[in-house]
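Trainee: Structure provided below as structure tokens; questions to follow.
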Amino acid sequence: MKKVLFKLLTVSVLAYFSGQTSAQEIDLQNIKFIHPIVEKWVSEYKKTYPDSKLDVKLQSSEGVAALKLVVNTGDEALDNSGTVIYTGRFALIPISNKNNPLLAKAGKGLKKKDLQKLVFEREPSDDDDDYEDKGKEKYTATIYSRNGQAATTLALAEHFDRSPDLIKGKKIAGDEIYLVDAISKDENGLAFNTLNYVYDLTTRRLKSNLTVLPLNLKQEIREALLSHDIDRTISALEDIKTEVIPVSSFGLIIPKNNFDNADILRFAEWVLENGQKFNHELGFLTLDSATLESQQKQLKKQNQALAAK
């Protein structure tokens, strides 16, 4: 099996130096689905620290990077250029058109191997016993996904231990929100997508014309998904790990040359202490308690080192 390492998805921020008045522009680049939570963190942070120059933009002007955003499942994909502070998690659930014929065939729910065969092309190393009926596919659908370098595509491939270029079906350019549009129009459509895009964040309900693909899950998670309620779904996914729903972390990389940037360190500390409470509102999972504690300790060391200078 090919090992899929996450591409570092960077968020550029104009360099900030003591006494400088120019804004620190956070550049979200091609990861728009994370934009709402980062924007929320910054706006709430500036209510407490109005002197901060942080400013969120989808595309910033040229400048020296003071922060980077990392979307990753493991530190093996990171370089040694800075300190990583994870600040949240996102989940990908399989969403289908509510009239998809696949729903009637899913029975008690698809298992991980079922999803691998449904979503990905076969690899030479796959076990023949899993492909007994080579001329027949037990489950079929039109798979929609982003391109192979998108964060959601990489998360999906990594979770199912596949290469992103083996994902079947149609590739959608641009934002993950367009996957929702495609599935709504295609009765055979299916895609893994983020919670903040497949649920209406105002009503907290699954968007119309969509349904969750039946999955082989523990009762608590199954009932949460069937409820079509985002808050029940988030709660269940935070408490119970499942092999059929990818959950990945995202966070900030503070480059070594910005370890002495008090505003950057203060912002990262604030996100861990106060920003987590906004994650659910915008469709993201909080960090588990062990990870949160470890990130706070790591950042505390960085702040102590700065204070000692």
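Numbering starts fresh at 1 for the residues of each chain in the structure tokens, the chains themselves are lettered A, B, ... in the order given, and ligands are numbered from 1 as they appear.
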Looking only at strand (DSSP E) from DSSP on the backbone, list the matching residues of range 39-262 of chain A as a PyMOL selection string.

Mentor: chain A and resi 54-57+68-72+82-97+142-145+170-171+189-194+199-200+205-206+210-212+247-255

Trainee: So that I can see what lies close to range 193-199 of chain A, please list as a ChimeraX atom specification the residues with an atom at most 6 Å from it, counting only C-alpha atoms and leaving out residues fewer than 4 positions away in the same chain.

Mentor: /A:91-93,177,205-207,283

Trainee: Quick one: distance from CA of Pro94 in chain A to CA of Arg222 in chain A in Å, one decimal?

Mentor: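 Pair CA of Pro94 in chain A / CA of Arg222 in chain A returns 12.8 Å.
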
Trainee: Might you pull out every residue within 9 Å of range 285-287 of chain A, with only C-alpha atoms counted and same-chain residues fewer than 5 positions away left off, and present them as number ranges by chain?

Mentor: A: 86-91, 234-235, 237-238, 247, 249, 272, 276-280, 292
